[in-house]
There are 2 protein chains.
Amino acid sequence: MILTVTPNVALDITYRVDQLTPGSSHRVRGVQERAGGGGINVARVLHGLGHGTMILGFVGSTTAAALTTDLAQGGLVHELISVEGPTRRSVAVVDSSNGAATLFNEPGPRVPAAIWEDLEAKVAARLPETTALVVSGSLPPDTDDDACARLVRLAVAHGVTVLVDTVGENVLRAAAAGADIVKANSSELLDTTGRSDVTAAAMTLRRRGATAVVASLGEAGMIAWTPGGCWRAAPPARVVGNPTGAGDAATAALVGGAVAGAPWPDRLRDAVALSAAAVLQPTAGSFDMDHYREFVPRIVVEEHHAPGLDR
Amino acid sequence: MILTVTPNVALDITYRVDQLTPGSSHRVRGVQERAGGGGINVARVLHGLGHGTMILGFVGSTTAAALTTDLAQGGLVHELISVEGPTRRSVAVVDSSNGAATLFNEPGPRVPAAIWEDLEAKVAARLPETTALVVSGSLPPDTDDDACARLVRLAVAHGVTVLVDTVGENVLRAAAAGADIVKANSSELLDTTGRSDVTAAAMTLRRRGATAVVASLGEAGMIAWTPGGCWRAAPPARVVGNPTGAGDAATAALVGGAVAGAPWPDRLRDAVALSAAAVLQPTAGSFDMDHYREFVPRIVVEEHHAPGLDR
């Protein structure tokens, strides 16, 4: 079973409008709502690929029912811990004229330390039956800098592969705690490390203690810096759509590949293909299996030789 | 007491973002939520002006609690009829760099004919203690074309002043039923009547049976076509802010003036001043009394002589 933790669960709302014009009023032609946030989107994709998954995380009490109903309808096993207040909303406005999505992400409720401890206890209880742990998505406001590192240490102590995809000091500490894979998009990596290029940022995280670092470069694909080498994968063509959840689809491929012991170039190919297939879907966490299969052989993976690269 | 009907109640959500950039992701810096929709915003402003008000309308059952709690906190008397599904949301994204608001309006739930009949019974029961009836805001999907006209006929039969502010065939039939005031913004008037200029549109509605027609011209102010003459009022300067609810503030002034028997030029001056004061507030339905008082003497009201104008 793959365990995913979503510290800041979202109610993902997707609005379809004819054309987005700042400063004007829009009739929403279609509304879709589902449970989202990093770990939930990752679990949804993993479930779609046939993996057993378990979702843990925090959910705002006033809107918990809508979220858990949606997860149950998707056949997703979950155990969400209730916190006071509404679950954060993430509104994606999809412009029908060009397919582009514009996102508005609420900050979400604060999570008291005692409730983080409940989560750690739940993770620890599940680790004996877990093949990989994913901690993914934004963090609640005022999250303790060591919160993700504590989860990483639990996984490391049980010999469970752990992937972390979030931002800030929590990522630096998760790397230092020995995370197997740190994944982020390039701008998040630069923000987190304070470095000015992604290779330097990846090296910083590996020197801290992360075994591998994977950067998403948006339309340009992904790079992985690993103990066995550095690879870069590029999608076949520009894919336009809703990028919400594309990074989470990549995470699902990376963790699925890790559990299967697949070579890194194959993990990266899968990650870029699944990410591109996810962008074509209007809602986060879904992908079309045919698009995915069609993309896989078209992804170009090359060994990446960056100047001064320290393996 | 002034009775306001909101056929399509909204949960008004206001997001503050640093700068709205289509196609990108935004952190929401501030979230505000309140009960909204035409009649509710009108009642909120009337309540702020010291009028006794009563809110009637339909509310989606799954989010009714949040709305009624907000109304109760605002001291607003209400009796909302529950319909299946969620209340529609109206999301206003306010760009902190320029103050402009971009709106996304969900369609809202359908309202069965039997539930419209409940509303009519509630309106009829309240009319003996009512000085004016306002029917304002968007209509639920698939609303019967005669729904507003039936409410107008009830008011007319009781000698109660009735103002209608909505769109489409319902407005044409409300005019034919003898509405005292039909109010709309200029593009709504053109859409409703199929005419190409606002004077022609207003004349169409008056010929159908509306006693007076008031058009909001956005930043250019308002025009009223009435049995006693035609007036135009212009604001002192361009006012930038959140236009949600500005039209409803104008409606509140118009109905307050009608109840007080004020002359039309004064009603129009108040409507433009209150509307400008409402634009300066970040959320719909609120206004600053000082701004309002400061604007009133600066509004220019002129008699309007349109060529071929039929009084």
# chains A, B, ... in the order shown; residues from 1 in each chain; ligands from 1
call {"tool": "interface_residues", "arguments": {"of": "chain A", "to": "chain B", "cutoff": "6 Å", "atoms": "only C-alpha atoms", "output": "list in words"}}
result
Pro22, Gly23, Ser24, Ser25, His26, Arg27, Val28, Ala100, Ala101, Thr102, Leu103, Phe104, Asn105 and Glu106 of chain A
call {"tool": "residues_around", "arguments": {"residues": "stretch 257-263 of chain A", "least_positions_apart": "2", "cutoff": "12 Å", "atoms": "only C-alpha atoms", "output": "VMD selection string"}}
result
chain A and resid 1 to 3 46 49 51 to 52 130 to 134 160 to 163 180 to 181 212 224 226 to 231 250 to 255 265 to 271
call {"tool": "select_by_dssp", "arguments": {"residues": "stretch 64-288 of chain B", "states": "helix (DSSP H, G or I)", "output": "PDB file with C-alpha atoms, in the first residue's frame"}}
result
ATOM      1  CA  ALA B  64     -28.128  27.185   3.913  1.00  0.00           C
ATOM      2  CA  ALA B  65     -26.636  27.259   7.419  1.00  0.00           C
ATOM      3  CA  ALA B  66     -23.650  29.450   6.465  1.00  0.00           C
ATOM      4  CA  LEU B  67     -25.989  31.931   4.776  1.00  0.00           C
ATOM      5  CA  THR B  68     -28.629  32.199   7.466  1.00  0.00           C
ATOM      6  CA  THR B  69     -25.921  32.543  10.148  1.00  0.00           C
ATOM      7  CA  ASP B  70     -24.426  35.446   8.205  1.00  0.00           C
ATOM      8  CA  LEU B  71     -27.838  37.124   7.792  1.00  0.00           C
ATOM      9  CA  ALA B  72     -28.588  36.736  11.499  1.00  0.00           C
ATOM     10  CA  GLN B  73     -25.178  38.253  12.375  1.00  0.00           C
ATOM     11  CA  ALA B 113     -42.938  25.385  -9.475  1.00  0.00           C
ATOM     12  CA  ALA B 114     -44.392  24.259  -6.120  1.00  0.00           C
ATOM     13  CA  ILE B 115     -41.615  26.102  -4.287  1.00  0.00           C
ATOM     14  CA  TRP B 116     -42.279  29.282  -6.272  1.00  0.00           C
ATOM     15  CA  GLU B 117     -45.887  28.939  -5.076  1.00  0.00           C
ATOM     16  CA  ASP B 118     -44.624  28.779  -1.469  1.00  0.00           C
ATOM     17  CA  LEU B 119     -42.770  32.031  -2.092  1.00  0.00           C
ATOM     18  CA  GLU B 120     -45.876  33.704  -3.551  1.00  0.00           C
ATOM     19  CA  ALA B 121     -47.877  32.639  -0.474  1.00  0.00           C
ATOM     20  CA  LYS B 122     -45.212  34.111   1.818  1.00  0.00           C
ATOM     21  CA  VAL B 123     -45.132  37.380  -0.157  1.00  0.00           C
ATOM     22  CA  ALA B 124     -48.956  37.622  -0.134  1.00  0.00           C
ATOM     23  CA  ALA B 125     -49.016  37.032   3.637  1.00  0.00           C
ATOM     24  CA  ARG B 126     -46.521  39.873   4.234  1.00  0.00           C
ATOM     25  CA  LEU B 127     -47.975  42.463   1.844  1.00  0.00           C
ATOM     26  CA  PRO B 128     -50.450  44.034   4.334  1.00  0.00           C
ATOM     27  CA  GLU B 129     -47.483  45.223   6.454  1.00  0.00           C
ATOM     28  CA  ALA B 147     -42.623  34.211 -12.134  1.00  0.00           C
ATOM     29  CA  CYS B 148     -41.775  37.876 -11.438  1.00  0.00           C
ATOM     30  CA  ALA B 149     -45.000  39.135 -12.993  1.00  0.00           C
ATOM     31  CA  ARG B 150     -46.999  37.011 -10.522  1.00  0.00           C
ATOM     32  CA  LEU B 151     -45.204  38.765  -7.627  1.00  0.00           C
ATOM     33  CA  VAL B 152     -45.808  42.162  -9.265  1.00  0.00           C
ATOM     34  CA  ARG B 153     -49.533  41.420  -9.623  1.00  0.00           C
ATOM     35  CA  LEU B 154     -49.725  40.547  -5.917  1.00  0.00           C
ATOM     36  CA  ALA B 155     -48.093  43.882  -4.983  1.00  0.00           C
ATOM     37  CA  VAL B 156     -50.255  45.894  -7.401  1.00  0.00           C
ATOM     38  CA  ALA B 157     -53.405  44.257  -5.990  1.00  0.00           C
ATOM     39  CA  GLU B 169     -38.730  37.809 -20.527  1.00  0.00           C
ATOM     40  CA  ASN B 170     -39.548  38.021 -16.799  1.00  0.00           C
ATOM     41  CA  VAL B 171     -38.819  41.785 -16.942  1.00  0.00           C
ATOM     42  CA  LEU B 172     -41.067  42.319 -19.975  1.00  0.00           C
ATOM     43  CA  ARG B 173     -43.909  40.512 -18.213  1.00  0.00           C
ATOM     44  CA  ALA B 174     -43.239  42.325 -14.907  1.00  0.00           C
ATOM     45  CA  ALA B 175     -43.572  45.622 -16.815  1.00  0.00           C
ATOM     46  CA  ALA B 176     -46.830  44.431 -18.386  1.00  0.00           C
ATOM     47  CA  SER B 186     -27.936  49.447 -19.772  1.00  0.00           C
ATOM     48  CA  SER B 187     -26.681  46.207 -21.324  1.00  0.00           C
ATOM     49  CA  GLU B 188     -29.354  44.218 -19.466  1.00  0.00           C
ATOM     50  CA  LEU B 189     -32.017  46.634 -20.743  1.00  0.00           C
ATOM     51  CA  LEU B 190     -30.820  46.169 -24.328  1.00  0.00           C
ATOM     52  CA  ASP B 191     -30.674  42.366 -23.935  1.00  0.00           C
ATOM     53  CA  THR B 192     -34.137  42.225 -22.372  1.00  0.00           C
ATOM     54  CA  THR B 193     -35.879  44.408 -24.936  1.00  0.00           C
ATOM     55  CA  VAL B 198     -31.310  52.550 -23.775  1.00  0.00           C
ATOM     56  CA  THR B 199     -33.936  55.244 -24.446  1.00  0.00           C
ATOM     57  CA  ALA B 200     -35.717  52.955 -26.888  1.00  0.00           C
ATOM     58  CA  ALA B 201     -35.403  50.092 -24.398  1.00  0.00           C
ATOM     59  CA  ALA B 202     -36.888  52.210 -21.601  1.00  0.00           C
ATOM     60  CA  MET B 203     -39.725  53.341 -23.863  1.00  0.00           C
ATOM     61  CA  THR B 204     -40.479  49.705 -24.732  1.00  0.00           C
ATOM     62  CA  LEU B 205     -40.809  48.823 -21.046  1.00  0.00           C
ATOM     63  CA  ARG B 206     -42.927  51.882 -20.263  1.00  0.00           C
ATOM     64  CA  ARG B 207     -45.227  51.129 -23.200  1.00  0.00           C
ATOM     65  CA  ARG B 208     -45.587  47.583 -21.883  1.00  0.00           C
ATOM     66  CA  GLY B 218     -21.927  52.259 -14.971  1.00  0.00           C
ATOM     67  CA  GLU B 219     -19.346  55.006 -14.481  1.00  0.00           C
ATOM     68  CA  ALA B 220     -21.562  57.472 -16.399  1.00  0.00           C
ATOM     69  CA  ALA B 246     -23.336  48.748  -6.559  1.00  0.00           C
ATOM     70  CA  GLY B 247     -26.514  48.317  -8.590  1.00  0.00           C
ATOM     71  CA  ASP B 248     -28.227  46.903  -5.495  1.00  0.00           C
ATOM     72  CA  ALA B 249     -27.212  49.985  -3.479  1.00  0.00           C
ATOM     73  CA  ALA B 250     -28.826  52.115  -6.201  1.00  0.00           C
ATOM     74  CA  THR B 251     -31.976  49.990  -5.944  1.00  0.00           C
ATOM     75  CA  ALA B 252     -32.045  50.509  -2.172  1.00  0.00           C
ATOM     76  CA  ALA B 253     -31.894  54.290  -2.688  1.00  0.00           C
ATOM     77  CA  LEU B 254     -34.628  54.194  -5.340  1.00  0.00           C
ATOM     78  CA  VAL B 255     -37.002  52.156  -3.205  1.00  0.00           C
ATOM     79  CA  GLY B 256     -36.189  54.175  -0.073  1.00  0.00           C
ATOM     80  CA  GLY B 257     -37.002  57.338  -2.052  1.00  0.00           C
ATOM     81  CA  ALA B 258     -40.223  55.835  -3.381  1.00  0.00           C
ATOM     82  CA  VAL B 259     -41.378  54.911   0.138  1.00  0.00           C
ATOM     83  CA  ALA B 260     -40.559  58.455   1.335  1.00  0.00           C
ATOM     84  CA  TRP B 264     -37.330  61.662  -8.790  1.00  0.00           C
ATOM     85  CA  PRO B 265     -34.247  63.929  -9.147  1.00  0.00           C
ATOM     86  CA  ASP B 266     -33.525  63.349  -5.428  1.00  0.00           C
ATOM     87  CA  ARG B 267     -34.064  59.608  -5.709  1.00  0.00           C
ATOM     88  CA  LEU B 268     -31.633  59.477  -8.616  1.00  0.00           C
ATOM     89  CA  ARG B 269     -29.017  61.618  -6.817  1.00  0.00           C
ATOM     90  CA  ASP B 270     -29.212  59.310  -3.801  1.00  0.00           C
ATOM     91  CA  ALA B 271     -29.002  56.228  -6.016  1.00  0.00           C
ATOM     92  CA  VAL B 272     -25.821  57.397  -7.755  1.00  0.00           C
ATOM     93  CA  ALA B 273     -24.207  58.552  -4.478  1.00  0.00           C
ATOM     94  CA  LEU B 274     -25.017  55.305  -2.659  1.00  0.00           C
ATOM     95  CA  SER B 275     -23.875  53.245  -5.628  1.00  0.00           C
ATOM     96  CA  ALA B 276     -20.509  55.081  -5.714  1.00  0.00           C
ATOM     97  CA  ALA B 277     -20.119  54.630  -1.935  1.00  0.00           C
ATOM     98  CA  ALA B 278     -20.816  50.887  -2.363  1.00  0.00           C
ATOM     99  CA  VAL B 279     -18.152  50.491  -5.084  1.00  0.00           C
TER     100      VAL B 279
END
call {"tool": "select_by_dssp", "arguments": {"residues": "stretch 18-147 of chain B", "states": "strand (DSSP E)", "output": "compact mmCIF listing (two decimals) with all heavy atoms, in the first residue's frame"}}
result
# COMPACT_ATOMS: atom_id res chain seq x y z
N SER B 25 -1.22 30.97 -11.40
CA SER B 25 -1.72 30.52 -10.12
C SER B 25 -1.59 31.66 -9.11
O SER B 25 -0.58 32.37 -9.11
CB SER B 25 -0.89 29.31 -9.69
OG SER B 25 -1.44 28.73 -8.55
N HIS B 26 -2.62 31.86 -8.29
CA HIS B 26 -2.65 32.99 -7.36
C HIS B 26 -2.83 32.54 -5.93
O HIS B 26 -3.72 31.71 -5.66
CB HIS B 26 -3.82 33.92 -7.69
CG HIS B 26 -3.77 34.44 -9.09
ND1 HIS B 26 -4.14 33.68 -10.17
CD2 HIS B 26 -3.38 35.64 -9.59
CE1 HIS B 26 -3.99 34.38 -11.28
NE2 HIS B 26 -3.52 35.56 -10.97
N ARG B 27 -2.04 33.09 -5.03
CA ARG B 27 -2.31 32.88 -3.61
C ARG B 27 -3.39 33.86 -3.20
O ARG B 27 -3.27 35.06 -3.44
CB ARG B 27 -1.07 33.20 -2.79
CG ARG B 27 -0.25 31.98 -2.56
CD ARG B 27 0.80 32.24 -1.51
NE ARG B 27 1.94 31.40 -1.83
CZ ARG B 27 3.07 31.38 -1.17
NH1 ARG B 27 3.23 32.19 -0.15
NH2 ARG B 27 4.03 30.58 -1.52
N GLY B 30 -6.69 37.13 1.11
CA GLY B 30 -7.79 37.33 2.05
C GLY B 30 -9.06 36.72 1.47
O GLY B 30 -9.28 36.78 0.26
N VAL B 31 -9.85 36.09 2.33
CA VAL B 31 -11.12 35.48 1.92
C VAL B 31 -12.23 36.09 2.77
O VAL B 31 -12.11 36.12 4.00
CB VAL B 31 -11.13 33.96 2.18
CG1 VAL B 31 -12.42 33.33 1.66
CG2 VAL B 31 -9.92 33.29 1.56
N GLN B 32 -13.28 36.59 2.13
CA GLN B 32 -14.46 37.02 2.88
C GLN B 32 -15.67 36.32 2.29
O GLN B 32 -15.73 36.10 1.08
CB GLN B 32 -14.64 38.53 2.78
CG GLN B 32 -13.70 39.30 3.69
CD GLN B 32 -13.96 40.77 3.59
OE1 GLN B 32 -13.66 41.38 2.56
NE2 GLN B 32 -14.52 41.36 4.63
N GLU B 33 -16.61 35.97 3.13
CA GLU B 33 -17.80 35.26 2.68
C GLU B 33 -19.02 35.87 3.30
O GLU B 33 -19.02 36.16 4.50
CB GLU B 33 -17.72 33.81 3.16
CG GLU B 33 -17.42 32.85 2.07
CD GLU B 33 -17.47 31.41 2.56
OE1 GLU B 33 -18.49 30.97 3.11
OE2 GLU B 33 -16.46 30.76 2.40
N ARG B 34 -20.04 36.08 2.50
CA ARG B 34 -21.29 36.54 3.08
C ARG B 34 -22.46 36.15 2.18
O ARG B 34 -22.28 35.78 1.03
CB ARG B 34 -21.25 38.05 3.32
CG ARG B 34 -21.27 38.91 2.12
CD ARG B 34 -20.89 40.35 2.43
NE ARG B 34 -21.55 40.88 3.60
CZ ARG B 34 -21.45 42.16 4.00
NH1 ARG B 34 -20.72 43.01 3.29
NH2 ARG B 34 -22.08 42.58 5.06
N ALA B 35 -23.65 36.24 2.75
CA ALA B 35 -24.86 35.98 1.98
C ALA B 35 -25.07 37.14 1.01
O ALA B 35 -24.92 38.31 1.39
CB ALA B 35 -26.04 35.86 2.93
N GLY B 36 -25.38 36.83 -0.23
CA GLY B 36 -25.58 37.88 -1.23
C GLY B 36 -26.67 37.52 -2.22
O GLY B 36 -27.49 36.65 -1.96
N THR B 53 -36.63 45.80 7.18
CA THR B 53 -36.62 44.97 5.97
C THR B 53 -36.96 43.53 6.31
O THR B 53 -36.81 43.09 7.45
CB THR B 53 -35.23 44.97 5.30
OG1 THR B 53 -34.27 44.49 6.25
CG2 THR B 53 -34.82 46.35 4.83
N MET B 54 -37.37 42.81 5.29
CA MET B 54 -37.65 41.37 5.42
C MET B 54 -37.15 40.72 4.13
O MET B 54 -37.55 41.15 3.04
CB MET B 54 -39.16 41.18 5.58
CG MET B 54 -39.62 39.75 5.51
SD MET B 54 -39.28 38.91 7.08
CE MET B 54 -39.68 37.23 6.65
N ILE B 55 -36.30 39.70 4.28
CA ILE B 55 -35.71 39.02 3.12
C ILE B 55 -36.45 37.71 2.86
O ILE B 55 -36.58 36.88 3.76
CB ILE B 55 -34.22 38.72 3.40
CG1 ILE B 55 -33.41 40.02 3.45
CG2 ILE B 55 -33.65 37.75 2.37
CD1 ILE B 55 -32.00 39.86 4.02
N LEU B 56 -36.92 37.55 1.63
CA LEU B 56 -37.49 36.26 1.21
C LEU B 56 -36.68 35.76 0.01
O LEU B 56 -36.08 36.56 -0.72
CB LEU B 56 -38.96 36.42 0.80
CG LEU B 56 -39.96 36.80 1.90
CD1 LEU B 56 -41.36 36.95 1.28
CD2 LEU B 56 -40.00 35.76 3.00
N GLY B 57 -36.70 34.47 -0.21
CA GLY B 57 -35.99 33.92 -1.37
C GLY B 57 -35.77 32.44 -1.21
O GLY B 57 -36.27 31.81 -0.28
N PHE B 58 -34.97 31.90 -2.16
CA PHE B 58 -34.66 30.47 -2.15
C PHE B 58 -33.19 30.29 -1.83
O PHE B 58 -32.34 31.05 -2.29
CB PHE B 58 -34.93 29.87 -3.54
CG PHE B 58 -36.29 30.18 -4.09
CD1 PHE B 58 -36.43 30.93 -5.25
CD2 PHE B 58 -37.42 29.73 -3.44
CE1 PHE B 58 -37.68 31.22 -5.77
CE2 PHE B 58 -38.69 30.02 -3.94
CZ PHE B 58 -38.82 30.77 -5.11
N VAL B 59 -32.88 29.26 -1.04
CA VAL B 59 -31.49 29.01 -0.68
C VAL B 59 -31.22 27.51 -0.85
O VAL B 59 -32.07 26.68 -0.53
CB VAL B 59 -31.23 29.50 0.76
CG1 VAL B 59 -32.02 28.71 1.79
CG2 VAL B 59 -29.75 29.48 1.11
N GLY B 60 -30.06 27.18 -1.40
CA GLY B 60 -29.69 25.77 -1.58
C GLY B 60 -29.47 25.11 -0.23
O GLY B 60 -28.78 25.66 0.64
N HIS B 78 -35.10 37.41 7.90
CA HIS B 78 -35.20 36.64 6.65
C HIS B 78 -36.07 35.41 6.85
O HIS B 78 -36.25 34.93 7.96
CB HIS B 78 -33.82 36.19 6.21
CG HIS B 78 -33.13 35.37 7.26
ND1 HIS B 78 -33.28 34.01 7.36
CD2 HIS B 78 -32.33 35.73 8.30
CE1 HIS B 78 -32.59 33.56 8.38
NE2 HIS B 78 -32.00 34.58 8.99
N GLU B 79 -36.60 34.93 5.74
CA GLU B 79 -37.34 33.67 5.73
C GLU B 79 -37.05 33.04 4.37
O GLU B 79 -37.71 33.35 3.37
CB GLU B 79 -38.84 33.96 5.91
CG GLU B 79 -39.63 32.74 6.31
CD GLU B 79 -41.08 33.08 6.65
OE1 GLU B 79 -41.40 34.27 6.88
OE2 GLU B 79 -41.90 32.16 6.67
N LEU B 80 -36.00 32.20 4.34
CA LEU B 80 -35.55 31.63 3.07
C LEU B 80 -36.12 30.22 2.90
O LEU B 80 -36.17 29.45 3.86
CB LEU B 80 -34.02 31.60 3.02
CG LEU B 80 -33.35 32.98 3.05
CD1 LEU B 80 -31.84 32.86 3.19
CD2 LEU B 80 -33.70 33.77 1.78
N ILE B 81 -36.53 29.94 1.68
CA ILE B 81 -37.13 28.63 1.40
C ILE B 81 -36.02 27.74 0.82
O ILE B 81 -35.33 28.12 -0.12
CB ILE B 81 -38.28 28.78 0.38
CG1 ILE B 81 -39.32 29.78 0.91
CG2 ILE B 81 -38.90 27.42 0.06
CD1 ILE B 81 -40.36 30.17 -0.11
N SER B 82 -35.88 26.54 1.40
CA SER B 82 -34.81 25.64 1.03
C SER B 82 -35.13 24.89 -0.27
O SER B 82 -36.24 24.42 -0.46
CB SER B 82 -34.62 24.65 2.18
OG SER B 82 -33.50 23.86 1.96
N VAL B 83 -34.14 24.86 -1.18
CA VAL B 83 -34.27 24.03 -2.39
C VAL B 83 -33.09 23.07 -2.42
O VAL B 83 -32.05 23.32 -1.81
CB VAL B 83 -34.31 24.88 -3.70
CG1 VAL B 83 -35.55 25.73 -3.75
CG2 VAL B 83 -33.05 25.73 -3.85
N ARG B 88 -25.86 28.89 -5.00
CA ARG B 88 -24.84 29.30 -5.98
C ARG B 88 -23.78 30.16 -5.30
O ARG B 88 -24.09 30.93 -4.38
CB ARG B 88 -25.48 30.05 -7.13
CG ARG B 88 -25.85 31.47 -6.82
CD ARG B 88 -26.54 32.15 -8.00
NE ARG B 88 -27.06 33.43 -7.57
CZ ARG B 88 -26.54 34.60 -7.91
NH1 ARG B 88 -25.51 34.66 -8.73
NH2 ARG B 88 -27.05 35.72 -7.46
N ARG B 89 -22.56 30.04 -5.77
CA ARG B 89 -21.49 30.91 -5.30
C ARG B 89 -21.24 31.99 -6.34
O ARG B 89 -21.38 31.77 -7.55
CB ARG B 89 -20.20 30.10 -5.12
CG ARG B 89 -20.21 29.22 -3.88
CD ARG B 89 -19.04 28.29 -3.86
NE ARG B 89 -19.17 27.32 -4.93
CZ ARG B 89 -18.73 26.06 -4.87
NH1 ARG B 89 -18.11 25.62 -3.79
NH2 ARG B 89 -18.89 25.25 -5.89
N SER B 90 -20.86 33.15 -5.85
CA SER B 90 -20.41 34.22 -6.73
C SER B 90 -19.05 34.63 -6.21
O SER B 90 -18.93 35.11 -5.08
CB SER B 90 -21.40 35.38 -6.66
OG SER B 90 -20.89 36.48 -7.37
N VAL B 91 -18.01 34.38 -7.00
CA VAL B 91 -16.64 34.65 -6.55
C VAL B 91 -16.17 35.96 -7.18
O VAL B 91 -16.19 36.11 -8.40
CB VAL B 91 -15.68 33.50 -6.93
CG1 VAL B 91 -14.25 33.81 -6.49
CG2 VAL B 91 -16.15 32.19 -6.34
N ALA B 92 -15.78 36.92 -6.32
CA ALA B 92 -15.20 38.18 -6.80
C ALA B 92 -13.71 38.17 -6.47
O ALA B 92 -13.34 38.03 -5.32
CB ALA B 92 -15.87 39.36 -6.10
N VAL B 93 -12.88 38.27 -7.50
CA VAL B 93 -11.43 38.32 -7.29
C VAL B 93 -11.01 39.78 -7.38
O VAL B 93 -11.18 40.41 -8.44
CB VAL B 93 -10.69 37.48 -8.35
CG1 VAL B 93 -9.19 37.59 -8.17
CG2 VAL B 93 -11.14 36.02 -8.27
N VAL B 94 -10.54 40.33 -6.27
CA VAL B 94 -10.16 41.74 -6.23
C VAL B 94 -8.64 41.84 -6.35
O VAL B 94 -7.90 41.25 -5.56
CB VAL B 94 -10.65 42.42 -4.94
CG1 VAL B 94 -10.20 43.87 -4.89
CG2 VAL B 94 -12.17 42.34 -4.85
N ASP B 95 -8.19 42.54 -7.39
CA ASP B 95 -6.77 42.72 -7.70
C ASP B 95 -6.24 43.89 -6.87
O ASP B 95 -6.66 45.02 -7.04
CB ASP B 95 -6.67 43.01 -9.21
CG ASP B 95 -5.25 43.18 -9.71
OD1 ASP B 95 -4.41 43.72 -8.94
OD2 ASP B 95 -4.99 42.81 -10.85
N ALA B 101 -12.27 44.32 -9.80
CA ALA B 101 -12.86 43.04 -9.41
C ALA B 101 -13.25 42.24 -10.65
O ALA B 101 -13.77 42.79 -11.62
CB ALA B 101 -14.09 43.27 -8.54
N THR B 102 -12.96 40.96 -10.61
CA THR B 102 -13.33 40.04 -11.69
C THR B 102 -14.29 39.03 -11.07
O THR B 102 -13.97 38.43 -10.04
CB THR B 102 -12.08 39.34 -12.24
OG1 THR B 102 -11.15 40.34 -12.62
CG2 THR B 102 -12.41 38.46 -13.44
N LEU B 103 -15.47 38.87 -11.67
CA LEU B 103 -16.52 38.07 -11.04
C LEU B 103 -16.80 36.76 -11.78
O LEU B 103 -16.75 36.73 -13.01
CB LEU B 103 -17.83 38.88 -11.00
CG LEU B 103 -17.73 40.26 -10.36
CD1 LEU B 103 -19.09 40.94 -10.42
CD2 LEU B 103 -17.27 40.15 -8.93
N PHE B 104 -17.08 35.73 -10.98
CA PHE B 104 -17.47 34.43 -11.53
C PHE B 104 -18.77 34.02 -10.85
O PHE B 104 -18.79 33.78 -9.64
CB PHE B 104 -16.37 33.41 -11.28
CG PHE B 104 -15.04 33.83 -11.84
CD1 PHE B 104 -14.06 34.40 -11.03
CD2 PHE B 104 -14.78 33.71 -13.20
CE1 PHE B 104 -12.86 34.83 -11.56
CE2 PHE B 104 -13.57 34.14 -13.74
CZ PHE B 104 -12.61 34.70 -12.91
N ASN B 105 -19.85 33.98 -11.61
CA ASN B 105 -21.18 33.70 -11.05
C ASN B 105 -21.66 32.32 -11.44
O ASN B 105 -21.87 32.05 -12.63
CB ASN B 105 -22.18 34.75 -11.55
CG ASN B 105 -21.78 36.15 -11.12
OD1 ASN B 105 -21.55 36.40 -9.95
ND2 ASN B 105 -21.68 37.06 -12.08
N ALA B 132 -43.05 48.52 0.38
CA ALA B 132 -42.53 48.32 -0.97
C ALA B 132 -42.00 46.91 -1.11
O ALA B 132 -41.49 46.33 -0.15
CB ALA B 132 -41.41 49.32 -1.27
N LEU B 133 -42.12 46.39 -2.34
CA LEU B 133 -41.61 45.06 -2.65
C LEU B 133 -40.50 45.21 -3.70
O LEU B 133 -40.67 45.94 -4.69
CB LEU B 133 -42.74 44.19 -3.22
CG LEU B 133 -42.33 42.83 -3.82
CD1 LEU B 133 -41.81 41.87 -2.74
CD2 LEU B 133 -43.52 42.20 -4.57
N VAL B 134 -39.37 44.55 -3.45
CA VAL B 134 -38.25 44.56 -4.41
C VAL B 134 -38.02 43.11 -4.85
O VAL B 134 -37.91 42.22 -4.00
CB VAL B 134 -36.97 45.09 -3.75
CG1 VAL B 134 -35.77 44.97 -4.69
CG2 VAL B 134 -37.15 46.52 -3.27
N VAL B 135 -37.99 42.89 -6.16
CA VAL B 135 -37.62 41.56 -6.69
C VAL B 135 -36.33 41.78 -7.45
O VAL B 135 -36.31 42.46 -8.48
CB VAL B 135 -38.72 40.99 -7.62
CG1 VAL B 135 -38.32 39.61 -8.11
CG2 VAL B 135 -40.07 40.97 -6.91
N SER B 136 -35.22 41.25 -6.93
CA SER B 136 -33.94 41.64 -7.50
C SER B 136 -32.94 40.51 -7.57
O SER B 136 -32.82 39.68 -6.67
CB SER B 136 -33.36 42.78 -6.63
OG SER B 136 -32.05 43.09 -7.05
call {"tool": "atom_distance", "arguments": {"atom1": "atom CA of B:Ser97", "atom2": "atom CA of A:Val167"}}
result
25.7 Å
call {"tool": "residues_around", "arguments": {"residues": "A:Ala215", "least_positions_apart": "6", "cutoff": "6 Å", "atoms": "only C-alpha atoms", "output": "VMD selection string"}}
result
chain A and resid 183 to 186 222 to 223
call {"tool": "atom_distance", "arguments": {"atom1": "atom CA of A:Gly178", "atom2": "atom CA of A:Thr166"}}
result
15.2 Å
call {"tool": "atom_distance", "arguments": {"atom1": "atom CA of A:Thr283", "atom2": "atom CA of A:Pro7"}}
result
20.3 Å
call {"tool": "residues_around", "arguments": {"residues": "B:Val300", "least_positions_apart": "5", "cutoff": "9 Å", "atoms": "only C-alpha atoms", "output": "PyMOL selection string"}}
result
chain B and resi 232-236+269
call {"tool": "closest_residue", "arguments": {"among": "B:Asp197, B:Glu294, B:Asp165, B:Glu302", "to": "B:Thr4", "atoms": "only C-alpha atoms"}}
result
B:Asp165
